[in-house]
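The next block holds one structure in the form of structure tokens; read it before the comments.
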Amino acid sequence: MQSDTVNLDFGRDHLSIPGPSVMPDRVLNAMHRPAPNIYGNAVVDLTTSLRHDLNKLAGNSGHLAFFIGNGHAAWEASICNTFSKGDKALFLLNGRFGSIWAEQAASHGVDVEILDFGHEQAVNADRLEERLREDTGHEIKAVLTVQTDTASSSSNDLAALRRAIDSAGHPALYIVDSIASFACEPLYMDETGIDVMITATQKGLMTPPGVALVFMSEAYLSRQPGADLVSPYWNAHPRIFSDHFADWFFGTPPTHHLFALREAVDMLLEEGILNTWQRHKLFASSVWAAVDAWGSQGSFACRVGDQSMRSTAVTTIKTAPGVAAGLRRRCESEFGVVLGVGLNPDPTGPVLDNMFRIGHMGHLNVPMLMGTLGTIEAALCSDGVPHGPGAIDAAARIIATR
Ligand SMILES: *Cc1c(COP(=O)(O)O)cnc(C)c1O
């Protein structure tokens with residue numbers, strides 16, 4: 001073959017986007033088995049064991065309802081089980097994902113109020129407290145926020161927001177989307193006083209997209225929100241309390257997802273969730289060190305300036321116009337690494353050409369992380385994009401501090 005460049009399109013690609021995340025071979029293999037009898041005890045025991053262990057990982061002494069679906073399904077469940085038409089919801093936004101959730105609530109007729117903190121910082125607990133103090137009639141039924149917004153990669157201090165609700169003496173429910181951050185970033189449901197926490201299987205849980213998890217505190221369920229938006233399908237109660245297994249998934253259970261999830265949860269328990277969180281922190285720090293190095297003589301910066309407001313599951317990186325788009329193209333089409341797109345704050349707008357994201361969530365080890373960073377370095381050199389030296393060295397030194 002005649003060619004003046006070497007074709008490197010060979011071997012297994014690496015998905016470095018913030019979900020779906022890389023699935024471990026153990027998880028993939030766990031699904032490679034015949035269909036089980038859904039009327040037998042084994043699948044009931046499997047679901048019960050998952051409920052127990054997932055609650056443990058969430059620090060939740062309350063309940064967990066499963067829904068077949070993605071993150072949007074978890075959003076739907078959180079809305080329909082909480083609100084009646086016309087109820088007031090206060091959404092704290094720091095990125096695009098929270099705003100889609102808010103739009104979904106508004107489309108159901110929930111009276112949505114928004115405190116928007118932009119795409120470069122966490123939401124502000126003082127502003128929340130101030131707003132709740134003004135609500136002397138306690139019209140706001142729930143405060144909703146994401147733990148990590150996957151578009152901006154800014155992360156919120158969940159305990160500080162709880163303290164703000166308490167200081168204001170406000171009875172609002174506290175509802176959190178941990179879809180991007182569950183099993184990546186620290187979360188203690190009971191201790192923090194979270195009423196509802198939602199997540200899905202395809203990010204930190206390393207399992208195919210398809211199961212939405214809605215964790216609820218005992219207090220939330222005992223307050224019987226009596227939401228009139230709830231429909232038979234979206235009702236969490238029978239999924240938790242019914243004596244009939246068929247009600248737990250409102251039909252056929254997602255059997256192979258359950259096998260996969262069981263394996264993934266076993267892996268997390270074997271690792272120890274504290275280590276999982278620390279591993280994410282270390283990998284995130286090495287990504288930030290690489291970005292700082294590239295930015296020392298080039299146009300690269302983490303979108304969220306303040307490190308304490310950054311997610312440790314995903315990092316959004318700003319570049320000069322066009323650079324991020326070119327970098328993603330080069331990495332994906334030739335170098336075998338798929339990077340995340342820069343999401344436009346305007347949902348009708350195109351993806352941003354000066355922003356890309358590195359997903360560093362879930363099943364990730366040193367060669368996978370360093371492979372992504374090294375591949376980006378190679379693409380920058382290949383395209384002649386000005387950037388500072390020493391990024392890979394800086395990332396390696398962070399890893400060495402483990
Ligand atoms: C991925 C994600 C969602 C949406 O999940 P889908 O499975 O795409 O519906 C919602 N919220 C956050 C924070 C996410 O990261």
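FYI, nothing fancy with the structure tokens labels: chains A, B, ... in order, residues from 1 per chain, ligands from 1 as they appear.
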
Enumerate residues in contact with ligand 1: an atom-to-atom distance of at most 9 Å, counting only C-alpha atoms and all ligand atoms. Format the result as a PDB file with N, CA, C and O atoms, in the first residue's frame.
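Now in part_26.pdb:
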ATOM      1  N   PRO A  18     -18.134  11.063  29.208  1.00  0.00           N
ATOM      2  CA  PRO A  18     -18.763  10.925  30.536  1.00  0.00           C
ATOM      3  C   PRO A  18     -20.086  10.167  30.486  1.00  0.00           C
ATOM      4  O   PRO A  18     -21.131  10.675  30.842  1.00  0.00           O
ATOM      5  N   GLY A  19     -20.044   8.958  30.055  1.00  0.00           N
ATOM      6  CA  GLY A  19     -21.190   8.071  30.056  1.00  0.00           C
ATOM      7  C   GLY A  19     -21.839   7.962  28.693  1.00  0.00           C
ATOM      8  O   GLY A  19     -22.071   8.992  28.069  1.00  0.00           O
ATOM      9  N   PRO A  20     -22.135   6.743  28.220  1.00  0.00           N
ATOM     10  CA  PRO A  20     -21.852   5.522  28.948  1.00  0.00           C
ATOM     11  C   PRO A  20     -20.349   5.352  29.134  1.00  0.00           C
ATOM     12  O   PRO A  20     -19.563   5.775  28.293  1.00  0.00           O
ATOM     13  N   GLY A  69     -34.940   2.027  32.387  1.00  0.00           N
ATOM     14  CA  GLY A  69     -34.820   3.322  31.715  1.00  0.00           C
ATOM     15  C   GLY A  69     -33.458   3.954  31.958  1.00  0.00           C
ATOM     16  O   GLY A  69     -32.624   3.424  32.694  1.00  0.00           O
ATOM     17  N   ASN A  70     -33.259   5.091  31.343  1.00  0.00           N
ATOM     18  CA  ASN A  70     -31.986   5.813  31.461  1.00  0.00           C
ATOM     19  C   ASN A  70     -32.109   6.917  32.511  1.00  0.00           C
ATOM     20  O   ASN A  70     -33.041   6.918  33.322  1.00  0.00           O
ATOM     21  N   GLY A  71     -31.221   7.892  32.455  1.00  0.00           N
ATOM     22  CA  GLY A  71     -31.269   8.984  33.422  1.00  0.00           C
ATOM     23  C   GLY A  71     -32.545   9.811  33.304  1.00  0.00           C
ATOM     24  O   GLY A  71     -33.092  10.265  34.308  1.00  0.00           O
ATOM     25  N   HIS A  72     -33.016   9.989  32.079  1.00  0.00           N
ATOM     26  CA  HIS A  72     -34.267  10.734  31.900  1.00  0.00           C
ATOM     27  C   HIS A  72     -35.431  10.035  32.605  1.00  0.00           C
ATOM     28  O   HIS A  72     -36.356  10.687  33.086  1.00  0.00           O
ATOM     29  N   ALA A  73     -35.397   8.710  32.637  1.00  0.00           N
ATOM     30  CA  ALA A  73     -36.442   7.962  33.349  1.00  0.00           C
ATOM     31  C   ALA A  73     -36.346   8.238  34.850  1.00  0.00           C
ATOM     32  O   ALA A  73     -37.365   8.400  35.529  1.00  0.00           O
ATOM     33  N   ALA A  74     -35.134   8.320  35.355  1.00  0.00           N
ATOM     34  CA  ALA A  74     -34.944   8.647  36.781  1.00  0.00           C
ATOM     35  C   ALA A  74     -35.482  10.047  37.069  1.00  0.00           C
ATOM     36  O   ALA A  74     -36.120  10.285  38.104  1.00  0.00           O
ATOM     37  N   TRP A  75     -35.222  10.971  36.146  1.00  0.00           N
ATOM     38  CA  TRP A  75     -35.781  12.327  36.294  1.00  0.00           C
ATOM     39  C   TRP A  75     -37.309  12.269  36.375  1.00  0.00           C
ATOM     40  O   TRP A  75     -37.926  12.895  37.230  1.00  0.00           O
ATOM     41  N   ARG A  96     -26.056  22.266  31.891  1.00  0.00           N
ATOM     42  CA  ARG A  96     -27.158  21.948  30.993  1.00  0.00           C
ATOM     43  C   ARG A  96     -28.066  20.827  31.514  1.00  0.00           C
ATOM     44  O   ARG A  96     -29.273  20.818  31.263  1.00  0.00           O
ATOM     45  N   PHE A  97     -27.470  19.856  32.248  1.00  0.00           N
ATOM     46  CA  PHE A  97     -28.279  18.709  32.653  1.00  0.00           C
ATOM     47  C   PHE A  97     -29.380  19.108  33.624  1.00  0.00           C
ATOM     48  O   PHE A  97     -30.526  18.680  33.487  1.00  0.00           O
ATOM     49  N   GLY A  98     -29.033  19.952  34.578  1.00  0.00           N
ATOM     50  CA  GLY A  98     -30.047  20.430  35.512  1.00  0.00           C
ATOM     51  C   GLY A  98     -31.164  21.156  34.785  1.00  0.00           C
ATOM     52  O   GLY A  98     -32.343  21.026  35.144  1.00  0.00           O
ATOM     53  N   ILE A 100     -32.289  20.608  31.749  1.00  0.00           N
ATOM     54  CA  ILE A 100     -33.195  19.674  31.047  1.00  0.00           C
ATOM     55  C   ILE A 100     -34.166  19.052  32.055  1.00  0.00           C
ATOM     56  O   ILE A 100     -35.356  18.886  31.779  1.00  0.00           O
ATOM     57  N   TRP A 101     -33.653  18.730  33.228  1.00  0.00           N
ATOM     58  CA  TRP A 101     -34.491  18.163  34.304  1.00  0.00           C
ATOM     59  C   TRP A 101     -35.604  19.157  34.652  1.00  0.00           C
ATOM     60  O   TRP A 101     -36.783  18.789  34.774  1.00  0.00           O
ATOM     61  N   VAL A 146     -28.318  18.948  40.776  1.00  0.00           N
ATOM     62  CA  VAL A 146     -27.423  17.851  40.429  1.00  0.00           C
ATOM     63  C   VAL A 146     -26.224  17.869  41.377  1.00  0.00           C
ATOM     64  O   VAL A 146     -25.856  18.926  41.885  1.00  0.00           O
ATOM     65  N   GLN A 147     -25.651  16.699  41.616  1.00  0.00           N
ATOM     66  CA  GLN A 147     -24.390  16.669  42.370  1.00  0.00           C
ATOM     67  C   GLN A 147     -23.276  17.145  41.438  1.00  0.00           C
ATOM     68  O   GLN A 147     -22.560  18.093  41.760  1.00  0.00           O
ATOM     69  N   THR A 148     -23.147  16.488  40.294  1.00  0.00           N
ATOM     70  CA  THR A 148     -22.225  16.950  39.257  1.00  0.00           C
ATOM     71  C   THR A 148     -23.009  17.210  37.997  1.00  0.00           C
ATOM     72  O   THR A 148     -23.759  16.339  37.550  1.00  0.00           O
ATOM     73  N   ASP A 149     -22.872  18.412  37.428  1.00  0.00           N
ATOM     74  CA  ASP A 149     -23.472  18.632  36.119  1.00  0.00           C
ATOM     75  C   ASP A 149     -22.455  18.236  35.052  1.00  0.00           C
ATOM     76  O   ASP A 149     -21.366  18.806  34.954  1.00  0.00           O
ATOM     77  N   THR A 150     -22.829  17.267  34.261  1.00  0.00           N
ATOM     78  CA  THR A 150     -21.925  16.609  33.326  1.00  0.00           C
ATOM     79  C   THR A 150     -21.542  17.504  32.153  1.00  0.00           C
ATOM     80  O   THR A 150     -20.561  17.242  31.462  1.00  0.00           O
ATOM     81  N   ALA A 151     -22.322  18.565  31.919  1.00  0.00           N
ATOM     82  CA  ALA A 151     -21.984  19.479  30.831  1.00  0.00           C
ATOM     83  C   ALA A 151     -20.877  20.439  31.264  1.00  0.00           C
ATOM     84  O   ALA A 151     -19.872  20.599  30.574  1.00  0.00           O
ATOM     85  N   ASP A 177     -29.754  14.759  41.797  1.00  0.00           N
ATOM     86  CA  ASP A 177     -29.375  13.931  40.649  1.00  0.00           C
ATOM     87  C   ASP A 177     -27.890  13.597  40.791  1.00  0.00           C
ATOM     88  O   ASP A 177     -27.038  14.479  40.683  1.00  0.00           O
ATOM     89  N   SER A 178     -27.605  12.307  41.070  1.00  0.00           N
ATOM     90  CA  SER A 178     -26.203  11.853  41.144  1.00  0.00           C
ATOM     91  C   SER A 178     -25.901  10.917  39.980  1.00  0.00           C
ATOM     92  O   SER A 178     -25.118   9.978  40.122  1.00  0.00           O
ATOM     93  N   ILE A 179     -26.510  11.194  38.843  1.00  0.00           N
ATOM     94  CA  ILE A 179     -26.358  10.271  37.704  1.00  0.00           C
ATOM     95  C   ILE A 179     -24.903  10.206  37.247  1.00  0.00           C
ATOM     96  O   ILE A 179     -24.379   9.138  36.962  1.00  0.00           O
ATOM     97  N   ALA A 180     -24.224  11.357  37.200  1.00  0.00           N
ATOM     98  CA  ALA A 180     -22.832  11.362  36.752  1.00  0.00           C
ATOM     99  C   ALA A 180     -21.854  11.037  37.874  1.00  0.00           C
ATOM    100  O   ALA A 180     -20.696  10.731  37.620  1.00  0.00           O
ATOM    101  N   SER A 181     -22.309  11.144  39.105  1.00  0.00           N
ATOM    102  CA  SER A 181     -21.360  11.110  40.212  1.00  0.00           C
ATOM    103  C   SER A 181     -21.471   9.899  41.130  1.00  0.00           C
ATOM    104  O   SER A 181     -20.560   9.631  41.911  1.00  0.00           O
ATOM    105  N   ILE A 198     -31.257  10.231  42.705  1.00  0.00           N
ATOM    106  CA  ILE A 198     -31.463   9.403  41.518  1.00  0.00           C
ATOM    107  C   ILE A 198     -30.142   9.155  40.806  1.00  0.00           C
ATOM    108  O   ILE A 198     -29.234   9.993  40.802  1.00  0.00           O
ATOM    109  N   THR A 199     -30.035   7.953  40.227  1.00  0.00           N
ATOM    110  CA  THR A 199     -28.881   7.688  39.385  1.00  0.00           C
ATOM    111  C   THR A 199     -29.291   6.656  38.316  1.00  0.00           C
ATOM    112  O   THR A 199     -30.450   6.268  38.235  1.00  0.00           O
ATOM    113  N   ALA A 200     -28.322   6.277  37.503  1.00  0.00           N
ATOM    114  CA  ALA A 200     -28.579   5.315  36.428  1.00  0.00           C
ATOM    115  C   ALA A 200     -27.338   4.434  36.294  1.00  0.00           C
ATOM    116  O   ALA A 200     -26.299   4.725  36.880  1.00  0.00           O
ATOM    117  N   THR A 201     -27.473   3.361  35.523  1.00  0.00           N
ATOM    118  CA  THR A 201     -26.432   2.331  35.571  1.00  0.00           C
ATOM    119  C   THR A 201     -25.180   2.610  34.733  1.00  0.00           C
ATOM    120  O   THR A 201     -24.149   1.983  34.960  1.00  0.00           O
ATOM    121  N   GLN A 202     -25.265   3.543  33.772  1.00  0.00           N
ATOM    122  CA  GLN A 202     -24.232   3.563  32.727  1.00  0.00           C
ATOM    123  C   GLN A 202     -23.048   4.478  32.988  1.00  0.00           C
ATOM    124  O   GLN A 202     -22.245   4.694  32.102  1.00  0.00           O
ATOM    125  N   LYS A 203     -22.943   5.012  34.204  1.00  0.00           N
ATOM    126  CA  LYS A 203     -21.792   5.907  34.456  1.00  0.00           C
ATOM    127  C   LYS A 203     -20.903   5.259  35.507  1.00  0.00           C
ATOM    128  O   LYS A 203     -20.244   4.279  35.200  1.00  0.00           O
ATOM    129  N   PRO A 209     -26.478   1.155  29.801  1.00  0.00           N
ATOM    130  CA  PRO A 209     -27.616   2.021  30.077  1.00  0.00           C
ATOM    131  C   PRO A 209     -28.889   1.190  30.089  1.00  0.00           C
ATOM    132  O   PRO A 209     -29.038   0.282  29.263  1.00  0.00           O
ATOM    133  N   GLY A 210     -29.811   1.483  30.987  1.00  0.00           N
ATOM    134  CA  GLY A 210     -31.056   0.724  30.960  1.00  0.00           C
ATOM    135  C   GLY A 210     -31.767   0.563  32.285  1.00  0.00           C
ATOM    136  O   GLY A 210     -32.922   0.172  32.312  1.00  0.00           O
ATOM    137  N   VAL A 211     -31.087   0.864  33.408  1.00  0.00           N
ATOM    138  CA  VAL A 211     -31.813   0.810  34.682  1.00  0.00           C
ATOM    139  C   VAL A 211     -31.617   2.140  35.409  1.00  0.00           C
ATOM    140  O   VAL A 211     -30.493   2.625  35.559  1.00  0.00           O
ATOM    141  N   ALA A 212     -32.747   2.722  35.808  1.00  0.00           N
ATOM    142  CA  ALA A 212     -32.742   3.960  36.583  1.00  0.00           C
ATOM    143  C   ALA A 212     -32.999   3.608  38.043  1.00  0.00           C
ATOM    144  O   ALA A 212     -33.835   2.756  38.340  1.00  0.00           O
TER     145      ALA A 212
END

Item to check | strand (DSSP E) positions in range 111-247 of chain A, given as a PyMOL selection string | outcome: chain A and resi 111-116+140-146+148-149+154-155+173-177+196-200+210-216

Taking N, CA, C and O atoms for each residue, export the selection above as a short mmCIF file (atom, residue, chain, number, x, y, z; two decimals), in the first residue's frame.
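Result saved to again-v9.cif:
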data_model
loop_
_atom_site.label_atom_id
_atom_site.label_comp_id
_atom_site.auth_asym_id
_atom_site.auth_seq_id
_atom_site.Cartn_x
_atom_site.Cartn_y
_atom_site.Cartn_z
N ASP A 111 -44.67 24.10 38.76
CA ASP A 111 -44.34 25.51 38.73
C ASP A 111 -42.84 25.64 39.06
O ASP A 111 -42.44 25.59 40.22
N VAL A 112 -42.03 25.75 38.02
CA VAL A 112 -40.58 25.66 38.18
C VAL A 112 -39.96 27.05 38.37
O VAL A 112 -40.19 27.95 37.56
N GLU A 113 -39.21 27.19 39.45
CA GLU A 113 -38.41 28.41 39.64
C GLU A 113 -36.94 28.00 39.57
O GLU A 113 -36.55 26.94 40.07
N ILE A 114 -36.14 28.87 38.95
CA ILE A 114 -34.74 28.51 38.73
C ILE A 114 -33.79 29.51 39.36
O ILE A 114 -33.99 30.73 39.23
N LEU A 115 -32.79 29.01 40.06
CA LEU A 115 -31.64 29.84 40.42
C LEU A 115 -30.48 29.32 39.58
O LEU A 115 -30.04 28.18 39.75
N ASP A 116 -30.03 30.16 38.65
CA ASP A 116 -29.03 29.70 37.69
C ASP A 116 -27.65 30.28 38.03
O ASP A 116 -27.52 31.50 38.13
N ILE A 140 -42.54 26.46 48.30
CA ILE A 140 -41.58 25.61 47.58
C ILE A 140 -41.64 24.22 48.18
O ILE A 140 -41.34 24.02 49.35
N LYS A 141 -42.05 23.25 47.36
CA LYS A 141 -42.22 21.89 47.89
C LYS A 141 -40.90 21.13 47.90
O LYS A 141 -40.67 20.28 48.76
N ALA A 142 -40.03 21.43 46.94
CA ALA A 142 -38.77 20.70 46.87
C ALA A 142 -37.68 21.56 46.25
O ALA A 142 -37.95 22.39 45.39
N VAL A 143 -36.45 21.32 46.72
CA VAL A 143 -35.25 21.92 46.14
C VAL A 143 -34.55 20.80 45.37
O VAL A 143 -34.32 19.72 45.92
N LEU A 144 -34.25 21.06 44.10
CA LEU A 144 -33.65 20.01 43.27
C LEU A 144 -32.33 20.51 42.68
O LEU A 144 -32.25 21.65 42.20
N THR A 145 -31.33 19.65 42.71
CA THR A 145 -30.05 20.02 42.10
C THR A 145 -29.28 18.78 41.67
O THR A 145 -29.58 17.67 42.11
N VAL A 146 -28.32 18.95 40.78
CA VAL A 146 -27.42 17.85 40.43
C VAL A 146 -26.22 17.87 41.38
O VAL A 146 -25.86 18.93 41.88
N THR A 148 -23.15 16.49 40.29
CA THR A 148 -22.22 16.95 39.26
C THR A 148 -23.01 17.21 38.00
O THR A 148 -23.76 16.34 37.55
N ASP A 149 -22.87 18.41 37.43
CA ASP A 149 -23.47 18.63 36.12
C ASP A 149 -22.46 18.24 35.05
O ASP A 149 -21.37 18.81 34.95
N SER A 154 -19.05 21.01 36.82
CA SER A 154 -18.98 21.58 38.17
C SER A 154 -19.82 20.75 39.12
O SER A 154 -20.84 20.17 38.74
N SER A 155 -19.34 20.67 40.35
CA SER A 155 -19.90 19.77 41.34
C SER A 155 -20.37 20.58 42.54
O SER A 155 -19.73 21.57 42.90
N LEU A 173 -38.49 19.39 50.47
CA LEU A 173 -37.78 18.15 50.19
C LEU A 173 -36.48 18.48 49.45
O LEU A 173 -36.41 19.48 48.73
N TYR A 174 -35.50 17.61 49.61
CA TYR A 174 -34.19 17.85 48.99
C TYR A 174 -33.91 16.68 48.03
O TYR A 174 -33.77 15.53 48.47
N ILE A 175 -33.85 17.00 46.74
CA ILE A 175 -33.78 15.97 45.70
C ILE A 175 -32.51 16.18 44.85
O ILE A 175 -32.27 17.28 44.36
N VAL A 176 -31.73 15.12 44.70
CA VAL A 176 -30.41 15.24 44.08
C VAL A 176 -30.25 14.26 42.92
O VAL A 176 -30.55 13.07 43.06
N ASP A 177 -29.75 14.76 41.80
CA ASP A 177 -29.37 13.93 40.65
C ASP A 177 -27.89 13.60 40.79
O ASP A 177 -27.04 14.48 40.68
N VAL A 196 -34.41 12.38 48.19
CA VAL A 196 -34.44 11.53 47.00
C VAL A 196 -33.12 11.69 46.27
O VAL A 196 -32.66 12.82 46.05
N MET A 197 -32.52 10.57 45.89
CA MET A 197 -31.30 10.62 45.08
C MET A 197 -31.52 9.70 43.90
O MET A 197 -31.93 8.56 44.06
N ILE A 198 -31.26 10.23 42.71
CA ILE A 198 -31.46 9.40 41.52
C ILE A 198 -30.14 9.15 40.81
O ILE A 198 -29.23 9.99 40.80
N THR A 199 -30.03 7.95 40.23
CA THR A 199 -28.88 7.69 39.38
C THR A 199 -29.29 6.66 38.32
O THR A 199 -30.45 6.27 38.23
N ALA A 200 -28.32 6.28 37.50
CA ALA A 200 -28.58 5.31 36.43
C ALA A 200 -27.34 4.43 36.29
O ALA A 200 -26.30 4.72 36.88
N GLY A 210 -29.81 1.48 30.99
CA GLY A 210 -31.06 0.72 30.96
C GLY A 210 -31.77 0.56 32.28
O GLY A 210 -32.92 0.17 32.31
N VAL A 211 -31.09 0.86 33.41
CA VAL A 211 -31.81 0.81 34.68
C VAL A 211 -31.62 2.14 35.41
O VAL A 211 -30.49 2.62 35.56
N ALA A 212 -32.75 2.72 35.81
CA ALA A 212 -32.74 3.96 36.58
C ALA A 212 -33.00 3.61 38.04
O ALA A 212 -33.84 2.76 38.34
N LEU A 213 -32.27 4.24 38.93
CA LEU A 213 -32.35 3.93 40.36
C LEU A 213 -32.83 5.16 41.10
O LEU A 213 -32.26 6.25 40.95
N VAL A 214 -33.89 5.00 41.88
CA VAL A 214 -34.44 6.12 42.65
C VAL A 214 -34.40 5.74 44.13
O VAL A 214 -35.14 4.88 44.59
N PHE A 215 -33.51 6.39 44.85
CA PHE A 215 -33.34 6.15 46.28
C PHE A 215 -34.18 7.16 47.04
O PHE A 215 -34.14 8.35 46.74
N MET A 216 -34.89 6.68 48.04
CA MET A 216 -35.76 7.58 48.81
C MET A 216 -35.54 7.39 50.30
O MET A 216 -35.36 6.25 50.76
#

Quick one: which range 98-147 of chain A residues come within 10 Å of range 227-248 of chain A, and what is the nearest atom pair for each with the distance in Å to one decimal, counting only C-alpha atoms, rows ordered by chain and ascending number, as a tab-separated table?
residue	atom	partner	partner_atom	distance
A:His108	CA	A:Leu229	CA	7.6
A:Gly109	CA	A:Leu229	CA	9.0
A:Val110	CA	A:Leu229	CA	9.3

Selection file, N, CA, C and O atoms, as a short mmCIF file (atom, residue, chain, number, x, y, z; two decimals), in the first residue's frame:
data_model
loop_
_atom_site.label_atom_id
_atom_site.label_comp_id
_atom_site.auth_asym_id
_atom_site.auth_seq_id
_atom_site.Cartn_x
_atom_site.Cartn_y
_atom_site.Cartn_z
N HIS A 108 -44.58 18.93 32.85
CA HIS A 108 -45.63 18.22 33.58
C HIS A 108 -46.58 19.18 34.29
O HIS A 108 -47.49 18.75 34.98
N GLY A 109 -46.29 20.48 34.20
CA GLY A 109 -47.15 21.44 34.88
C GLY A 109 -46.66 21.81 36.27
O GLY A 109 -47.38 22.46 37.04
N VAL A 110 -45.44 21.41 36.61
CA VAL A 110 -44.84 21.84 37.88
C VAL A 110 -44.46 23.32 37.72
O VAL A 110 -44.00 23.74 36.65
#

Item to check | Which of range 119-268 of chain A fall in helix (DSSP H, G or I), as an NGL selection string | outcome: :A and (125-134 or 158-167 or 189-192 or 218-222 or 236-241 or 245-248 or 255-268)

Item to check | Atom pair CA of Lys56 in chain A / CA of Leu221 in chain A: separation (Å) | outcome: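 Separation of CA of Lys56 in chain A and CA of Leu221 in chain A: 18.2 Å.
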
Item to check | Of the listed residues A:Glu129, A:Glu377, A:Glu76, A:Glu120, that which approaches Ala105 in chain A most closely, counting only C-alpha atoms | outcome: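 Checking each candidate against Ala105 in chain A, we get A:Glu76 as the closest.
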
Hey, could you make a per-residue contact list for range 1-107 of chain A against range 253-259 of chain A with 12 Å as the cut-off, showing the nearest pair of atoms and its distance in Å to one decimal, counting only C-alpha atoms, sorted by chain and number, as a Markdown table?
| residue | atom | partner | partner_atom | distance |
| --- | --- | --- | --- | --- |
| A:Arg26 | CA | A:Phe259 | CA | 10.5 |
| A:Val27 | CA | A:Phe259 | CA | 8.0 |
| A:Leu28 | CA | A:Phe259 | CA | 9.4 |
| A:Asn29 | CA | A:Phe259 | CA | 9.4 |
| A:Ala30 | CA | A:Phe259 | CA | 5.8 |
| A:Met31 | CA | A:His256 | CA | 5.3 |
| A:His32 | CA | A:His256 | CA | 8.3 |
| A:Arg33 | CA | A:His256 | CA | 8.3 |
| A:Pro34 | CA | A:His256 | CA | 9.1 |
| A:Ala35 | CA | A:Thr255 | CA | 7.5 |
| A:Pro36 | CA | A:Thr255 | CA | 7.4 |
| A:Asn37 | CA | A:Thr255 | CA | 9.4 |
| A:Ile38 | CA | A:Pro253 | CA | 7.4 |
| A:Tyr39 | CA | A:Pro253 | CA | 10.2 |
| A:Gly40 | CA | A:Pro253 | CA | 12.0 |
| A:Ala42 | CA | A:Thr255 | CA | 10.7 |
| A:Val43 | CA | A:Thr255 | CA | 7.5 |
| A:Val44 | CA | A:Pro253 | CA | 9.7 |
| A:Asp45 | CA | A:Leu258 | CA | 10.9 |
| A:Leu46 | CA | A:Leu258 | CA | 7.4 |
| A:Thr47 | CA | A:Leu258 | CA | 7.1 |
| A:Thr48 | CA | A:Leu258 | CA | 10.7 |
| A:Ser49 | CA | A:Leu258 | CA | 10.3 |
| A:Leu50 | CA | A:Leu258 | CA | 8.1 |
| A:Arg51 | CA | A:Leu258 | CA | 10.7 |
| A:Phe66 | CA | A:Pro253 | CA | 9.6 |
| A:Phe67 | CA | A:Pro253 | CA | 9.3 |
| A:Ile68 | CA | A:Pro254 | CA | 7.0 |
| A:Gly69 | CA | A:Pro254 | CA | 9.9 |

Checklist entry - In Å to one decimal, how far is CA of Ser153 in chain A from CA of Thr401 in chain A? => result 23.8 Å

Checklist entry - Smallest atom-to-atom distance to Gly193 in chain A: which of A:Asn60, A:Ser299, A:Asn344, A:Asn124, using only C-alpha atoms? => result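 Counting only C-alpha atoms, the residue closest to Gly193 in chain A is A:Asn60.
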
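Using only C-alpha atoms for every distance, the candidate list A:Asp9, A:Ser382, A:Glu263, A:Ala400 yields A:Ala400 as the residue closest to Ser286 in chain A.
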
Next on the checklist: I need the residue nearest Thr136 in chain A from this list: A:Gly169, A:Pro389, A:Asp306, A:Asp157. Use only C-alpha atoms for the distance.
Outcome noted: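 Once distances to Thr136 in chain A are computed over only C-alpha atoms, the minimum belongs to A:Gly169.
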
So that I can see what lies close to Gly359 in chain A, please list as a tab-separated table (two decimals) with N, CA, C and O atoms, in the first residue's frame the residues with an atom at most 8 Å from it, counting only C-alpha atoms and leaving out residues fewer than 2 positions away in the same chain.
chain	number	residue	atom	x	y	z
A	16	SER	N	-13.70	7.69	26.20
A	16	SER	CA	-13.34	8.61	27.28
A	16	SER	C	-14.40	9.70	27.42
A	16	SER	O	-14.07	10.85	27.68
A	17	ILE	N	-15.65	9.30	27.23
A	17	ILE	CA	-16.75	10.25	27.36
A	17	ILE	C	-17.41	10.05	28.74
A	17	ILE	O	-17.26	8.98	29.34
A	18	PRO	N	-18.13	11.06	29.21
A	18	PRO	CA	-18.76	10.93	30.54
A	18	PRO	C	-20.09	10.17	30.49
A	18	PRO	O	-21.13	10.68	30.84
A	19	GLY	N	-20.04	8.96	30.05
A	19	GLY	CA	-21.19	8.07	30.06
A	19	GLY	C	-21.84	7.96	28.69
A	19	GLY	O	-22.07	8.99	28.07
A	21	SER	N	-19.98	4.72	30.24
A	21	SER	CA	-18.57	4.57	30.56
A	21	SER	C	-18.10	3.18	30.15
A	21	SER	O	-18.89	2.36	29.68
A	313	ALA	N	-15.43	13.24	38.28
A	313	ALA	CA	-15.88	12.20	37.35
A	313	ALA	C	-15.72	12.61	35.90
A	313	ALA	O	-15.63	11.77	35.00
A	314	VAL	N	-15.70	13.92	35.66
A	314	VAL	CA	-15.64	14.45	34.29
A	314	VAL	C	-15.00	15.83	34.34
A	314	VAL	O	-15.17	16.56	35.33
A	315	THR	N	-14.23	16.16	33.31
A	315	THR	CA	-13.64	17.50	33.23
A	315	THR	C	-13.95	18.12	31.88
A	315	THR	O	-13.70	17.50	30.84
A	339	LEU	N	-13.42	11.31	22.75
A	339	LEU	CA	-13.57	12.34	23.78
A	339	LEU	C	-15.00	12.88	23.76
A	339	LEU	O	-15.70	12.78	22.75
A	340	GLY	N	-15.41	13.48	24.88
A	340	GLY	CA	-16.76	14.02	24.98
A	340	GLY	C	-16.89	15.35	24.26
A	340	GLY	O	-15.95	16.15	24.22
A	357	ARG	N	-14.76	17.33	26.58
A	357	ARG	CA	-14.83	16.76	27.92
A	357	ARG	C	-14.08	15.44	27.97
A	357	ARG	O	-14.11	14.66	27.02
A	361	MET	N	-14.64	8.48	34.65
A	361	MET	CA	-15.57	7.87	35.59
A	361	MET	C	-15.62	6.37	35.42
A	361	MET	O	-15.45	5.84	34.33
